[in-house]
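K.L.:
Structure in structure tokens, see below.
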Amino acid sequence: MSAYCCPLCQQPLTRQGNSLSCDTGHQFDYAKEGYINLLPVQYKKSKQPGDNQDMVQARRRFLSAGHYQFLRQALAERVAALHQSETGVIDMGCGEGYYTHELANQLEHRGQVYGIDIAKPAVRYGAKRYNNCEFAVASSKQIPLSAGSASVVTSVFAPIFAEESARLLTPQGYLVVASPGPKHLAELKEIIYNEVREHQQLDTPTGFTRSAEQLLSRTLTLTGEQARDLALMTPFAWKFSVEQLAQLAARAEFKVQAEFYLSEFQKIS
């Protein structure tokens, strides 16, 4: 029996060969890269939901260069400290698995790490590159994993679904969230906004209490191409014009502040 449950009828899924199936008869096949697609076509709002291929590739190049390594390390260390070994860890909105992979490294086989994302190109890349995690294409609004299957749920620059997180967590489990700090990417936003507003601290999700928080900050020195990749992987990528992106890429150097809140919220039992 796997920890996955059927996205159509919520019954437990059992692995047989290269497939998962439930007693109702629904079956889902693993892709050759090693991930499972548990996003039924009727649940899609578009033909290819989530980040497009250009955004995925830009993020892959930027993260592979190690600019956010300090965030990845801090996140993984906190999750490893909070994790209860008899359960799993779920990375909601995992993208290409950059953070998911490090979570699994830190846990050192103390439970399964699941990476969940709605964008198939991102999940395909993560599954192909990292074999110490379980990857699935699914919506974070309705993750096809059984209730209480994780002691920690993480969300790195991804939407937070408090009710779903609480369902997935064991009693007194933790939701660990990485979100933009006050001055995060201010220099980049100055290019597209007349007035740059500081990011605010996250509100405590319903059903949780705030247990800890730290502010992480670094000044990054990027090449123009790296700055362009950074712009393309942000939520305000669509605000940049083609000309602005070209001007950014042509710069010899670009300094930008990377600042993150790393927040811990404990489930109220």
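Order determines the names: the first chain of the structure tokens is A, the second B, and so forth; residues in each chain are numbered 1 upward, and ligands are numbered 1 upward as they are shown.
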Excluding Leu220 of chain A and its own-chain neighbours fewer than 2 positions away, which residues fall within 7 Å of it when counting only C-alpha atoms? Please give them as a ChimeraX atom specification.

P.N.:
/A:218,222,255-258

K.L.:
Pull all heavy atoms from the residues just selected and write them as a CSV table (one decimal), in the first residue's frame.

P.N.:
```
chain,number,residue,atom,x,y,z
A,218,ARG,N,20.6,38.1,1.8
A,218,ARG,CA,21.8,38.2,1.1
A,218,ARG,C,21.8,39.2,0.0
A,218,ARG,O,20.7,39.4,-0.6
A,218,ARG,CB,22.2,36.8,0.5
A,218,ARG,CG,22.4,35.7,1.5
A,218,ARG,CD,23.8,35.8,2.1
A,218,ARG,NE,24.1,34.6,2.9
A,218,ARG,CZ,23.6,34.2,4.0
A,218,ARG,NH1,22.7,35.0,4.6
A,218,ARG,NH2,23.9,33.1,4.6
A,222,LEU,N,24.9,39.4,-9.6
A,222,LEU,CA,24.5,38.6,-10.8
A,222,LEU,C,25.0,39.1,-12.1
A,222,LEU,O,25.3,40.4,-12.2
A,222,LEU,CB,23.0,38.5,-10.9
A,222,LEU,CG,22.2,38.1,-9.6
A,222,LEU,CD1,20.7,38.2,-9.9
A,222,LEU,CD2,22.6,36.8,-9.1
A,255,LYS,N,23.2,44.0,-9.0
A,255,LYS,CA,23.1,43.6,-7.5
A,255,LYS,C,21.7,43.7,-7.1
A,255,LYS,O,21.0,44.7,-7.4
A,255,LYS,CB,24.0,44.6,-6.7
A,255,LYS,CG,25.5,44.4,-6.9
A,255,LYS,CD,26.3,45.3,-6.0
A,255,LYS,CE,27.8,45.1,-6.1
A,255,LYS,NZ,28.2,43.8,-5.7
A,256,VAL,N,21.3,42.7,-6.3
A,256,VAL,CA,19.9,42.6,-5.9
A,256,VAL,C,19.8,42.0,-4.5
A,256,VAL,O,20.6,41.1,-4.2
A,256,VAL,CB,19.0,41.8,-6.9
A,256,VAL,CG1,19.5,40.4,-7.0
A,256,VAL,CG2,17.6,41.9,-6.5
A,257,GLN,N,18.9,42.4,-3.7
A,257,GLN,CA,18.7,41.9,-2.3
A,257,GLN,C,17.7,40.7,-2.4
A,257,GLN,O,16.6,40.8,-2.9
A,257,GLN,CB,18.1,43.0,-1.4
A,257,GLN,CG,18.0,42.6,0.0
A,257,GLN,CD,19.3,42.8,0.8
A,257,GLN,OE1,20.3,43.1,0.2
A,257,GLN,NE2,19.2,42.6,2.1
A,258,ALA,N,18.2,39.6,-1.9
A,258,ALA,CA,17.4,38.4,-1.7
A,258,ALA,C,17.1,38.2,-0.2
A,258,ALA,O,18.0,38.0,0.6
A,258,ALA,CB,18.1,37.1,-2.2
```

K.L.:
At a cut-off of 7 Å, using only C-alpha atoms, what residues contact Tyr30 of chain A? Leave out same-chain residues fewer than 5 positions from it and give the result as a list in words.

P.N.:
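Counting only C-alpha atoms, the residues come to Asn18, Ser19, Tyr35 and Ile36 of chain A.
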
K.L.:
Could you save the residues just selected, with C-alpha atoms, as a compact mmCIF listing (two decimals), in the first residue's frame?

P.N.:
```txt
# COMPACT_ATOMS: atom_id res chain seq x y z
CA ASN A 18 4.64 0.54 -12.85
CA SER A 19 1.11 1.60 -11.93
CA TYR A 35 6.97 10.53 -11.43
CA ILE A 36 3.25 9.77 -11.22
```

K.L.:
Near Leu262 of chain A, counting only C-alpha atoms, which residues have an atom at most 9 Å away, once you skip same-chain residues fewer than 6 positions from it, shown as a list in words?

P.N.:
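In the requested form, the answer reads Leu71, Ala74, Leu75, Val176, Val177, Ala178, Ser179, Pro180, Gly181, Ala212, Glu213, Gln214, Leu215 and Leu216 of chain A.
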
K.L.:
Could you list, as JSON, numbers by chain, every residue within 9 Å of segment 236-249 of chain A, counting only C-alpha atoms and ignoring same-chain residues fewer than 6 positions away?

P.N.:
{"A": [55, 189, 191, 192, 193, 223, 224, 225, 226, 227, 228, 229, 230]}

K.L.:
Could you turn the residues from that selection into a file that holds N, CA and C atoms, as an mmCIF file, in the first residue's frame?

P.N.:
```
data_model
loop_
_atom_site.group_PDB
_atom_site.id
_atom_site.type_symbol
_atom_site.label_atom_id
_atom_site.label_comp_id
_atom_site.auth_asym_id
_atom_site.auth_seq_id
_atom_site.Cartn_x
_atom_site.Cartn_y
_atom_site.Cartn_z
ATOM 1 N N MET A 55 9.733 29.513 -17.994
ATOM 2 C CA MET A 55 9.888 29.828 -16.577
ATOM 3 C C MET A 55 10.625 28.708 -15.841
ATOM 4 N N LYS A 189 12.284 45.037 -8.845
ATOM 5 C CA LYS A 189 10.940 45.620 -8.950
ATOM 6 C C LYS A 189 10.970 47.099 -9.317
ATOM 7 N N ILE A 191 12.468 48.380 -11.615
ATOM 8 C CA ILE A 191 12.473 48.479 -13.074
ATOM 9 C C ILE A 191 11.049 48.564 -13.622
ATOM 10 N N ILE A 192 10.104 47.927 -12.951
ATOM 11 C CA ILE A 192 8.749 47.810 -13.508
ATOM 12 C C ILE A 192 7.679 48.548 -12.715
ATOM 13 N N TYR A 193 8.002 48.986 -11.496
ATOM 14 C CA TYR A 193 7.006 49.686 -10.675
ATOM 15 C C TYR A 193 7.482 51.086 -10.321
ATOM 16 N N THR A 223 25.178 38.270 -13.068
ATOM 17 C CA THR A 223 25.400 38.714 -14.438
ATOM 18 C C THR A 223 24.056 39.166 -15.004
ATOM 19 N N GLY A 224 24.092 39.816 -16.147
ATOM 20 C CA GLY A 224 22.841 40.250 -16.770
ATOM 21 C C GLY A 224 21.930 39.089 -17.111
ATOM 22 N N GLU A 225 22.506 37.998 -17.624
ATOM 23 C CA GLU A 225 21.699 36.830 -17.977
ATOM 24 C C GLU A 225 21.065 36.210 -16.743
ATOM 25 N N GLN A 226 21.809 36.168 -15.645
ATOM 26 C CA GLN A 226 21.255 35.633 -14.402
ATOM 27 C C GLN A 226 20.135 36.514 -13.864
ATOM 28 N N ALA A 227 20.295 37.825 -14.000
ATOM 29 C CA ALA A 227 19.239 38.748 -13.569
ATOM 30 C C ALA A 227 17.984 38.558 -14.411
ATOM 31 N N ARG A 228 18.162 38.312 -15.690
ATOM 32 C CA ARG A 228 17.015 38.048 -16.562
ATOM 33 C C ARG A 228 16.304 36.765 -16.146
ATOM 34 N N ASP A 229 17.069 35.711 -15.855
ATOM 35 C CA ASP A 229 16.469 34.462 -15.389
ATOM 36 C C ASP A 229 15.698 34.677 -14.094
ATOM 37 N N LEU A 230 16.260 35.478 -13.197
ATOM 38 C CA LEU A 230 15.583 35.771 -11.937
ATOM 39 C C LEU A 230 14.248 36.463 -12.189
#
```

K.L.:
Per residue of segment 106-194 of chain A within 8 Å of segment 202-208 of chain A, record the nearest atom pair and its distance in Å to one decimal, counting only C-alpha atoms, with rows in chain order and ascending residue number, as a Markdown table.

P.N.:
```
| residue | atom | partner | partner_atom | distance |
| --- | --- | --- | --- | --- |
| A:Ala162 | CA | A:Pro205 | CA | 5.7 |
| A:Glu163 | CA | A:Gly207 | CA | 7.5 |
| A:Ala166 | CA | A:Gly207 | CA | 7.2 |
| A:Ser179 | CA | A:Leu202 | CA | 7.7 |
```

K.L.:
Between A:Glu77, A:Glu259, A:Glu134, A:Glu195, which one has atoms that come closest to Gly97 of chain A, using only C-alpha atoms?

P.N.:
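Closest to Gly97 of chain A, using only C-alpha atoms: A:Glu134.
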
K.L.:
Restricting the calculation to only C-alpha atoms, which member of A:Ala250, A:Ala65, A:Val79, A:Leu39 is positioned closest to Lys141 of chain A?

P.N.:
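Between A:Ala250, A:Ala65, A:Val79, A:Leu39, the residue approaching Lys141 of chain A most closely is A:Leu39.
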
K.L.:
Using only C-alpha atoms, which residues sit within 12 Å of Gln142 of chain A once same-chain residues fewer than 5 positions away are excluded, as a VMD selection string?

P.N.:
chain A and resid 4 to 10 38 to 40 43 92 to 93 116 to 118 137 147 160 to 168

K.L.:
For the structure I just gave you, how does DSSP split segment 195-265 of chain A - specifically, which residues are helix (DSSP H, G or I)? Reply as a list in words.

P.N.:
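Checking each residue of segment 195-265 of chain A, the helix (DSSP H, G or I) ones are Gly224, Glu225, Gln226, Ala227, Arg228, Asp229, Leu230, Ala231, Leu232, Ala237, Trp238, Lys239, Val242, Glu243, Gln244, Leu245, Ala246, Gln247, Leu248, Ala249 and Ala250 of chain A.
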
K.L.:
DSSP says strand (DSSP E or B) for which residues of segment 23-97 of chain A? Put them as a list in words?

P.N.:
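Taking segment 23-97 of chain A and keeping strand (DSSP E or B) only, one gets Gln27, Phe28, Asp29, Tyr30, Ile36, Asn37, Gly88, Val89, Ile90, Asp91 and Met92 of chain A.
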
K.L.:
When you count only C-alpha atoms, which of these residues is closest to Glu86 of chain A: A:Ala58, A:Cys133, A:Leu103, A:Val152?

P.N.:
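Of the candidates, the smallest distance to Glu86 of chain A is held by A:Val152.
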
K.L.:
Go through A:Val196, A:Leu185, A:Ala136, A:Ala231 one by one, measure the shortest atom-to-atom distance of each to Gly34 of chain A using only C-alpha atoms, and give the residue with the smallest value.

P.N.:
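For Gly34 of chain A, the nearest of the given residues is A:Ala136.
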
K.L.:
With only C-alpha atoms as the basis for distance, which of A:Thr24, A:Ser64, A:Gln112, A:Ser151 is at the shortest distance from Thr170 of chain A?

P.N.:
A:Ser151

K.L.:
Can you list, as a list in words, every protein, DNA or RNA residue that comes within 7 Å of Ser211 of chain A when you count only C-alpha atoms, leaving out same-chain residues fewer than 3 positions away?

P.N.:
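Final neighbour list, sorted by chain and number: Glu264, Phe265 and Gln266 of chain A.
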
K.L.:
Export, as a PDB file, in the first residue's frame, the selected residues with all heavy atoms.

P.N.:
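This went into selection.pdb:
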```pdb
ATOM      1  N   GLU A 264       7.523  29.147  10.680  1.00  0.00           N
ATOM      2  CA  GLU A 264       7.033  27.845  11.129  1.00  0.00           C
ATOM      3  C   GLU A 264       5.683  28.010  11.817  1.00  0.00           C
ATOM      4  O   GLU A 264       5.534  28.854  12.707  1.00  0.00           O
ATOM      5  CB  GLU A 264       8.025  27.216  12.116  1.00  0.00           C
ATOM      6  CG  GLU A 264       9.388  26.938  11.531  1.00  0.00           C
ATOM      7  CD  GLU A 264      10.392  26.516  12.597  1.00  0.00           C
ATOM      8  OE1 GLU A 264       9.959  26.035  13.676  1.00  0.00           O
ATOM      9  OE2 GLU A 264      11.604  26.672  12.360  1.00  0.00           O
ATOM     10  N   PHE A 265       4.729  27.218  11.392  1.00  0.00           N
ATOM     11  CA  PHE A 265       3.402  27.233  11.970  1.00  0.00           C
ATOM     12  C   PHE A 265       3.059  25.811  12.448  1.00  0.00           C
ATOM     13  O   PHE A 265       3.192  24.860  11.670  1.00  0.00           O
ATOM     14  CB  PHE A 265       2.355  27.695  10.955  1.00  0.00           C
ATOM     15  CG  PHE A 265       2.664  29.045  10.356  1.00  0.00           C
ATOM     16  CD1 PHE A 265       3.224  29.161   9.086  1.00  0.00           C
ATOM     17  CD2 PHE A 265       2.396  30.213  11.056  1.00  0.00           C
ATOM     18  CE1 PHE A 265       3.493  30.396   8.532  1.00  0.00           C
ATOM     19  CE2 PHE A 265       2.658  31.464  10.520  1.00  0.00           C
ATOM     20  CZ  PHE A 265       3.225  31.547   9.248  1.00  0.00           C
ATOM     21  N   GLN A 266       2.634  25.685  13.687  1.00  0.00           N
ATOM     22  CA  GLN A 266       2.293  24.375  14.216  1.00  0.00           C
ATOM     23  C   GLN A 266       0.784  24.163  14.173  1.00  0.00           C
ATOM     24  O   GLN A 266       0.004  25.049  14.510  1.00  0.00           O
ATOM     25  CB  GLN A 266       2.797  24.226  15.648  1.00  0.00           C
ATOM     26  CG  GLN A 266       2.645  22.797  16.184  1.00  0.00           C
ATOM     27  CD  GLN A 266       3.347  22.597  17.507  1.00  0.00           C
ATOM     28  OE1 GLN A 266       3.535  23.543  18.278  1.00  0.00           O
ATOM     29  NE2 GLN A 266       3.754  21.367  17.805  1.00  0.00           N
TER      30      GLN A 266
END
```

K.L.:
Can you work out the spacing between atom CA of Ala158 of chain A and atom CA of Asp91 of chain A in Å, to one decimal?

P.N.:
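Between these atoms lies a distance of 9.7 Å.
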
K.L.:
Taking only C-alpha atoms into account, which of A:Lys183, A:Lys32, A:Arg110, A:Arg78 comes nearest Lys128 of chain A?

P.N.:
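Looking at the shortest contact to Lys128 of chain A, the residue is A:Lys32.
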
K.L.:
Compile the contact shell of Asp54 of chain A as a PyMOL selection string: residues with an atom at most 9 Å away, counting only C-alpha atoms, same-chain residues fewer than 3 positions apart removed.

P.N.:
chain A and resi 51+57-59+232-233

K.L.:
Just N, CA, C and O atoms for this one: save the residues we selected as a short mmCIF file (atom, residue, chain, number, x, y, z; two decimals), in the first residue's frame.

P.N.:
```cif
data_model
loop_
_atom_site.label_atom_id
_atom_site.label_comp_id
_atom_site.auth_asym_id
_atom_site.auth_seq_id
_atom_site.Cartn_x
_atom_site.Cartn_y
_atom_site.Cartn_z
N ASP A 51 3.66 26.64 -14.21
CA ASP A 51 4.68 27.40 -14.92
C ASP A 51 4.95 26.80 -16.28
O ASP A 51 4.97 25.58 -16.46
N GLN A 57 12.81 26.59 -17.12
CA GLN A 57 14.22 26.58 -17.50
C GLN A 57 14.97 27.74 -16.87
O GLN A 57 16.13 27.58 -16.45
N ALA A 58 14.35 28.92 -16.80
CA ALA A 58 14.99 30.07 -16.16
C ALA A 58 15.26 29.80 -14.69
O ALA A 58 16.34 30.08 -14.17
N ARG A 59 14.27 29.24 -14.01
CA ARG A 59 14.44 28.93 -12.59
C ARG A 59 15.51 27.85 -12.39
O ARG A 59 16.31 27.92 -11.45
N LEU A 232 12.40 36.25 -14.84
CA LEU A 232 11.48 35.31 -15.48
C LEU A 232 10.88 34.29 -14.52
O LEU A 232 9.81 33.75 -14.79
N MET A 233 11.56 34.02 -13.40
CA MET A 233 11.05 33.01 -12.47
C MET A 233 10.20 33.61 -11.36
O MET A 233 9.73 32.88 -10.49
#
```
